[in-house]
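Okay, so here's the structure we're looking at.
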Amino acid sequence: MDLVIGYIQMNQTIEYYNRNAGAFCESTIHADMSYCRNRFLQYLSPGAFILDAGCGSGRDSRHFLEQGFRIEAFDAAEEICRLAEGHIGQPVKCMRFEDMEYEKNFDGIWACASLLHINREILPQILRRLHCALMPMGILYASFKYGDTENDKGERYFINFTEDGIIELLEASAFTVLECFVTSDVREGRSAERWVNVIGRRRQAYDSLLQR
């Protein structure tokens, strides 16, 4: 039943972004994520292949491209994808995290403020798909609103994490946590809100972890 509720929550969240795509992209496209991007990129080689997982406006994909990285981007909301394509200048796939079928494709995955909409019961499955999508020793960045609750905010579902919670989750999903740090929201007027950011390295084959 929890999984059914999780998918209902995700459907509602996606519809919210479809209805509010323009306003959402406008409010986030100029947010300065350089601090977090630089901490992620220090672990990648020049020209690395990055998956922007839940790309939103395409803000970060565009920056990565301008820095010489190769990019694949996707988002679950069709209207968001359409707007992101115009900003990035390349196709953006419209799909959900649970639809990913990548296998050792990417050197890095950038999941900025996107996994926070995944239900707690479903999140370990999604992390397994992200793990499979990475090359051996590949790098994952993810960010969540700071806290230890899950809630529906209007028409969107959020899961929040503290440092201990997100480190435990990634370590249990065969990632070695390289960094975990808290930042303030960079959007105008929201500096009082906090985010927990985590960077992990794919540690081993997931199946070998399950057999331990």
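Simple scheme: letters A, B, ... for chains in structure tokens order, numbers from 1 for residues in each chain, numbers from 1 for ligands in the order shown.
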(request) Identify, on the basis of only C-alpha atoms, every residue whose closest approach to segment 157-166 of chain A does not exceed 9 Å; exclude the query and any residue fewer than 6 positions from it along the same chain; express the result as an MDAnalysis selection string. (result) chainID A and resid 6 9:10 12:13 115:120 143:151 180:182 195:198
(message) Show me, as an NGL selection string, the residues that have an atom within 9 Å of Thr176 of chain A when counting only C-alpha atoms, minus same-chain residues fewer than 4 positions from it.
(response) :A and (167 or 170-171 or 199-203)
Can you list, as a PDB file with N, CA, C and O atoms, in the first residue's frame, every protein, DNA or RNA residue that comes within 12 Å of Leu130 of chain A when you count only C-alpha atoms, leaving out same-chain residues fewer than 5 positions away?
```pdb
ATOM      1  N   ILE A  50      27.921  13.226 -17.881  1.00  0.00           N
ATOM      2  CA  ILE A  50      27.099  13.485 -16.698  1.00  0.00           C
ATOM      3  C   ILE A  50      25.625  13.283 -17.038  1.00  0.00           C
ATOM      4  O   ILE A  50      25.143  13.764 -18.059  1.00  0.00           O
ATOM      5  N   LEU A  51      24.914  12.604 -16.150  1.00  0.00           N
ATOM      6  CA  LEU A  51      23.457  12.503 -16.233  1.00  0.00           C
ATOM      7  C   LEU A  51      22.853  13.536 -15.292  1.00  0.00           C
ATOM      8  O   LEU A  51      23.093  13.495 -14.081  1.00  0.00           O
ATOM      9  N   ASP A  52      22.093  14.478 -15.849  1.00  0.00           N
ATOM     10  CA  ASP A  52      21.357  15.442 -15.045  1.00  0.00           C
ATOM     11  C   ASP A  52      19.988  14.832 -14.782  1.00  0.00           C
ATOM     12  O   ASP A  52      19.083  14.881 -15.630  1.00  0.00           O
ATOM     13  N   ALA A  53      19.827  14.241 -13.611  1.00  0.00           N
ATOM     14  CA  ALA A  53      18.660  13.424 -13.284  1.00  0.00           C
ATOM     15  C   ALA A  53      17.612  14.267 -12.570  1.00  0.00           C
ATOM     16  O   ALA A  53      17.751  14.591 -11.394  1.00  0.00           O
ATOM     17  N   PHE A  97      12.348   8.493 -12.608  1.00  0.00           N
ATOM     18  CA  PHE A  97      13.502   7.762 -12.089  1.00  0.00           C
ATOM     19  C   PHE A  97      13.311   6.256 -12.201  1.00  0.00           C
ATOM     20  O   PHE A  97      14.247   5.530 -12.519  1.00  0.00           O
ATOM     21  N   GLU A  98      12.092   5.783 -11.939  1.00  0.00           N
ATOM     22  CA  GLU A  98      11.868   4.337 -11.966  1.00  0.00           C
ATOM     23  C   GLU A  98      11.909   3.760 -13.378  1.00  0.00           C
ATOM     24  O   GLU A  98      11.928   2.534 -13.551  1.00  0.00           O
ATOM     25  N   ASP A  99      11.927   4.624 -14.398  1.00  0.00           N
ATOM     26  CA  ASP A  99      12.018   4.157 -15.782  1.00  0.00           C
ATOM     27  C   ASP A  99      13.459   4.046 -16.275  1.00  0.00           C
ATOM     28  O   ASP A  99      13.696   3.587 -17.399  1.00  0.00           O
ATOM     29  N   MET A 100      14.426   4.462 -15.470  1.00  0.00           N
ATOM     30  CA  MET A 100      15.826   4.407 -15.896  1.00  0.00           C
ATOM     31  C   MET A 100      16.273   2.963 -16.109  1.00  0.00           C
ATOM     32  O   MET A 100      16.010   2.102 -15.273  1.00  0.00           O
ATOM     33  N   GLU A 101      16.939   2.722 -17.226  1.00  0.00           N
ATOM     34  CA  GLU A 101      17.479   1.395 -17.514  1.00  0.00           C
ATOM     35  C   GLU A 101      18.937   1.492 -17.961  1.00  0.00           C
ATOM     36  O   GLU A 101      19.405   0.699 -18.769  1.00  0.00           O
ATOM     37  N   TYR A 102      19.652   2.467 -17.426  1.00  0.00           N
ATOM     38  CA  TYR A 102      21.055   2.650 -17.772  1.00  0.00           C
ATOM     39  C   TYR A 102      21.906   1.579 -17.085  1.00  0.00           C
ATOM     40  O   TYR A 102      21.549   1.068 -16.027  1.00  0.00           O
ATOM     41  N   GLU A 103      23.037   1.291 -17.689  1.00  0.00           N
ATOM     42  CA  GLU A 103      23.993   0.367 -17.074  1.00  0.00           C
ATOM     43  C   GLU A 103      25.409   0.831 -17.392  1.00  0.00           C
ATOM     44  O   GLU A 103      25.853   0.764 -18.537  1.00  0.00           O
ATOM     45  N   LYS A 104      26.077   1.360 -16.386  1.00  0.00           N
ATOM     46  CA  LYS A 104      27.464   1.816 -16.488  1.00  0.00           C
ATOM     47  C   LYS A 104      27.642   2.805 -17.644  1.00  0.00           C
ATOM     48  O   LYS A 104      28.581   2.697 -18.425  1.00  0.00           O
ATOM     49  N   ASN A 105      26.744   3.786 -17.706  1.00  0.00           N
ATOM     50  CA  ASN A 105      26.786   4.774 -18.785  1.00  0.00           C
ATOM     51  C   ASN A 105      27.509   6.064 -18.418  1.00  0.00           C
ATOM     52  O   ASN A 105      28.082   6.714 -19.290  1.00  0.00           O
ATOM     53  N   PHE A 106      27.468   6.459 -17.142  1.00  0.00           N
ATOM     54  CA  PHE A 106      27.845   7.825 -16.776  1.00  0.00           C
ATOM     55  C   PHE A 106      28.994   7.869 -15.780  1.00  0.00           C
ATOM     56  O   PHE A 106      29.094   7.035 -14.882  1.00  0.00           O
ATOM     57  N   ASP A 107      29.821   8.896 -15.943  1.00  0.00           N
ATOM     58  CA  ASP A 107      30.893   9.146 -14.979  1.00  0.00           C
ATOM     59  C   ASP A 107      30.358   9.840 -13.732  1.00  0.00           C
ATOM     60  O   ASP A 107      30.922   9.691 -12.641  1.00  0.00           O
ATOM     61  N   GLY A 108      29.300  10.606 -13.898  1.00  0.00           N
ATOM     62  CA  GLY A 108      28.707  11.314 -12.771  1.00  0.00           C
ATOM     63  C   GLY A 108      27.214  11.482 -12.949  1.00  0.00           C
ATOM     64  O   GLY A 108      26.715  11.527 -14.080  1.00  0.00           O
ATOM     65  N   ILE A 109      26.501  11.539 -11.847  1.00  0.00           N
ATOM     66  CA  ILE A 109      25.061  11.815 -11.855  1.00  0.00           C
ATOM     67  C   ILE A 109      24.804  13.001 -10.942  1.00  0.00           C
ATOM     68  O   ILE A 109      25.228  13.014  -9.778  1.00  0.00           O
ATOM     69  N   TRP A 110      24.113  13.987 -11.476  1.00  0.00           N
ATOM     70  CA  TRP A 110      23.754  15.205 -10.757  1.00  0.00           C
ATOM     71  C   TRP A 110      22.258  15.147 -10.499  1.00  0.00           C
ATOM     72  O   TRP A 110      21.444  15.255 -11.422  1.00  0.00           O
ATOM     73  N   ALA A 111      21.864  14.936  -9.244  1.00  0.00           N
ATOM     74  CA  ALA A 111      20.447  14.850  -8.861  1.00  0.00           C
ATOM     75  C   ALA A 111      20.164  15.975  -7.870  1.00  0.00           C
ATOM     76  O   ALA A 111      20.055  15.760  -6.662  1.00  0.00           O
ATOM     77  N   LEU A 115      15.523  14.023  -6.175  1.00  0.00           N
ATOM     78  CA  LEU A 115      15.183  12.808  -5.431  1.00  0.00           C
ATOM     79  C   LEU A 115      14.303  13.105  -4.225  1.00  0.00           C
ATOM     80  O   LEU A 115      13.684  12.199  -3.675  1.00  0.00           O
ATOM     81  N   LEU A 123      12.595   5.027  -2.583  1.00  0.00           N
ATOM     82  CA  LEU A 123      13.914   5.632  -2.761  1.00  0.00           C
ATOM     83  C   LEU A 123      15.062   4.626  -2.853  1.00  0.00           C
ATOM     84  O   LEU A 123      15.953   4.786  -3.704  1.00  0.00           O
ATOM     85  N   PRO A 124      15.112   3.553  -2.027  1.00  0.00           N
ATOM     86  CA  PRO A 124      16.211   2.588  -2.184  1.00  0.00           C
ATOM     87  C   PRO A 124      16.254   1.949  -3.574  1.00  0.00           C
ATOM     88  O   PRO A 124      17.346   1.700  -4.112  1.00  0.00           O
ATOM     89  N   GLN A 125      15.087   1.692  -4.179  1.00  0.00           N
ATOM     90  CA  GLN A 125      15.055   1.138  -5.538  1.00  0.00           C
ATOM     91  C   GLN A 125      15.636   2.134  -6.540  1.00  0.00           C
ATOM     92  O   GLN A 125      16.359   1.744  -7.471  1.00  0.00           O
ATOM     93  N   MET A 135      29.361   4.437 -14.038  1.00  0.00           N
ATOM     94  CA  MET A 135      30.560   3.658 -14.283  1.00  0.00           C
ATOM     95  C   MET A 135      31.170   3.257 -12.939  1.00  0.00           C
ATOM     96  O   MET A 135      30.912   3.903 -11.914  1.00  0.00           O
ATOM     97  N   PRO A 136      31.989   2.185 -12.898  1.00  0.00           N
ATOM     98  CA  PRO A 136      32.688   1.869 -11.652  1.00  0.00           C
ATOM     99  C   PRO A 136      33.436   3.095 -11.131  1.00  0.00           C
ATOM    100  O   PRO A 136      34.092   3.796 -11.901  1.00  0.00           O
ATOM    101  N   GLY A 138      32.047   5.774 -10.250  1.00  0.00           N
ATOM    102  CA  GLY A 138      31.335   6.973 -10.659  1.00  0.00           C
ATOM    103  C   GLY A 138      30.831   7.765  -9.460  1.00  0.00           C
ATOM    104  O   GLY A 138      30.726   7.258  -8.335  1.00  0.00           O
ATOM    105  N   ILE A 139      30.476   9.031  -9.716  1.00  0.00           N
ATOM    106  CA  ILE A 139      30.151   9.978  -8.655  1.00  0.00           C
ATOM    107  C   ILE A 139      28.676  10.390  -8.714  1.00  0.00           C
ATOM    108  O   ILE A 139      28.153  10.709  -9.784  1.00  0.00           O
ATOM    109  N   LEU A 140      28.021  10.376  -7.558  1.00  0.00           N
ATOM    110  CA  LEU A 140      26.635  10.815  -7.427  1.00  0.00           C
ATOM    111  C   LEU A 140      26.567  12.039  -6.522  1.00  0.00           C
ATOM    112  O   LEU A 140      27.142  12.047  -5.433  1.00  0.00           O
ATOM    113  N   TYR A 141      25.868  13.077  -6.988  1.00  0.00           N
ATOM    114  CA  TYR A 141      25.514  14.214  -6.131  1.00  0.00           C
ATOM    115  C   TYR A 141      23.999  14.233  -5.970  1.00  0.00           C
ATOM    116  O   TYR A 141      23.260  14.063  -6.950  1.00  0.00           O
ATOM    117  N   ALA A 142      23.535  14.457  -4.746  1.00  0.00           N
ATOM    118  CA  ALA A 142      22.097  14.598  -4.494  1.00  0.00           C
ATOM    119  C   ALA A 142      21.889  15.627  -3.399  1.00  0.00           C
ATOM    120  O   ALA A 142      22.762  15.840  -2.546  1.00  0.00           O
ATOM    121  N   LEU A 170      22.898   6.308   1.668  1.00  0.00           N
ATOM    122  CA  LEU A 170      23.836   6.080   0.568  1.00  0.00           C
ATOM    123  C   LEU A 170      24.792   4.935   0.871  1.00  0.00           C
ATOM    124  O   LEU A 170      25.090   4.118  -0.004  1.00  0.00           O
ATOM    125  N   SER A 173      23.384   1.739   0.132  1.00  0.00           N
ATOM    126  CA  SER A 173      23.119   1.538  -1.290  1.00  0.00           C
ATOM    127  C   SER A 173      24.407   1.410  -2.101  1.00  0.00           C
ATOM    128  O   SER A 173      24.426   1.674  -3.293  1.00  0.00           O
ATOM    129  N   ALA A 174      25.495   1.005  -1.434  1.00  0.00           N
ATOM    130  CA  ALA A 174      26.778   0.714  -2.082  1.00  0.00           C
ATOM    131  C   ALA A 174      27.488   1.948  -2.618  1.00  0.00           C
ATOM    132  O   ALA A 174      28.170   1.902  -3.626  1.00  0.00           O
ATOM    133  N   PHE A 175      27.312   3.072  -1.927  1.00  0.00           N
ATOM    134  CA  PHE A 175      28.079   4.278  -2.210  1.00  0.00           C
ATOM    135  C   PHE A 175      28.986   4.579  -1.011  1.00  0.00           C
ATOM    136  O   PHE A 175      28.583   4.392   0.140  1.00  0.00           O
ATOM    137  N   GLY A 200      28.662  10.970  -3.288  1.00  0.00           N
ATOM    138  CA  GLY A 200      29.083   9.601  -3.042  1.00  0.00           C
ATOM    139  C   GLY A 200      29.731   8.985  -4.259  1.00  0.00           C
ATOM    140  O   GLY A 200      29.456   9.370  -5.390  1.00  0.00           O
ATOM    141  N   ARG A 201      30.600   8.026  -4.007  1.00  0.00           N
ATOM    142  CA  ARG A 201      31.257   7.289  -5.081  1.00  0.00           C
ATOM    143  C   ARG A 201      30.714   5.863  -5.118  1.00  0.00           C
ATOM    144  O   ARG A 201      30.584   5.220  -4.074  1.00  0.00           O
ATOM    145  N   ARG A 202      30.394   5.392  -6.321  1.00  0.00           N
ATOM    146  CA  ARG A 202      29.946   4.006  -6.468  1.00  0.00           C
ATOM    147  C   ARG A 202      31.033   3.078  -5.919  1.00  0.00           C
ATOM    148  O   ARG A 202      32.174   3.095  -6.380  1.00  0.00           O
ATOM    149  N   TYR A 206      26.343  -3.762  -6.862  1.00  0.00           N
ATOM    150  CA  TYR A 206      25.242  -3.795  -5.905  1.00  0.00           C
ATOM    151  C   TYR A 206      24.936  -5.225  -5.476  1.00  0.00           C
ATOM    152  O   TYR A 206      24.675  -5.505  -4.319  1.00  0.00           O
TER     153      TYR A 206
END
```
(message) Could you go through segment 85-166 of chain A and tell me which residues DSSP, when run on the backbone, assigns to helix (DSSP H, G or I), listing them as a PyMOL selection string?
(response) chain A and resi 85-88+97-99+115-117+123-133+163-166
(request) Within segment 18-114 of chain A, find each residue whose DSSP state, derived from the backbone, is strand (DSSP E), and express the selection as a ChimeraX atom specification. (result) /A:49-53,70-75,93-94,106-111
(request) Show which residues sit within 12 Å of Ser34 of chain A, as a list in words. Count only C-alpha atoms, and ignore same-chain residues fewer than 5 positions away. (result) Arg39, Phe40, Leu41, Gln42, Arg59, Asp60, His63, Phe64, Thr183 and Val186 of chain A
Please produce a file of the residues just selected, as a compact mmCIF listing (two decimals), in the first residue's frame, where the atoms kept are C-alpha atoms.
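The new file result.txt reads:
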```txt
# COMPACT_ATOMS: atom_id res chain seq x y z
CA ARG A 39 32.36 20.36 -5.25
CA PHE A 40 30.80 17.73 -7.52
CA LEU A 41 32.97 18.46 -10.55
CA GLN A 42 36.24 18.20 -8.64
CA ARG A 59 20.27 25.43 -15.56
CA ASP A 60 23.00 23.01 -14.47
CA HIS A 63 26.68 25.05 -17.22
CA PHE A 64 28.16 21.57 -17.55
CA THR A 183 23.93 24.92 2.53
CA VAL A 186 20.30 30.32 -2.90
```
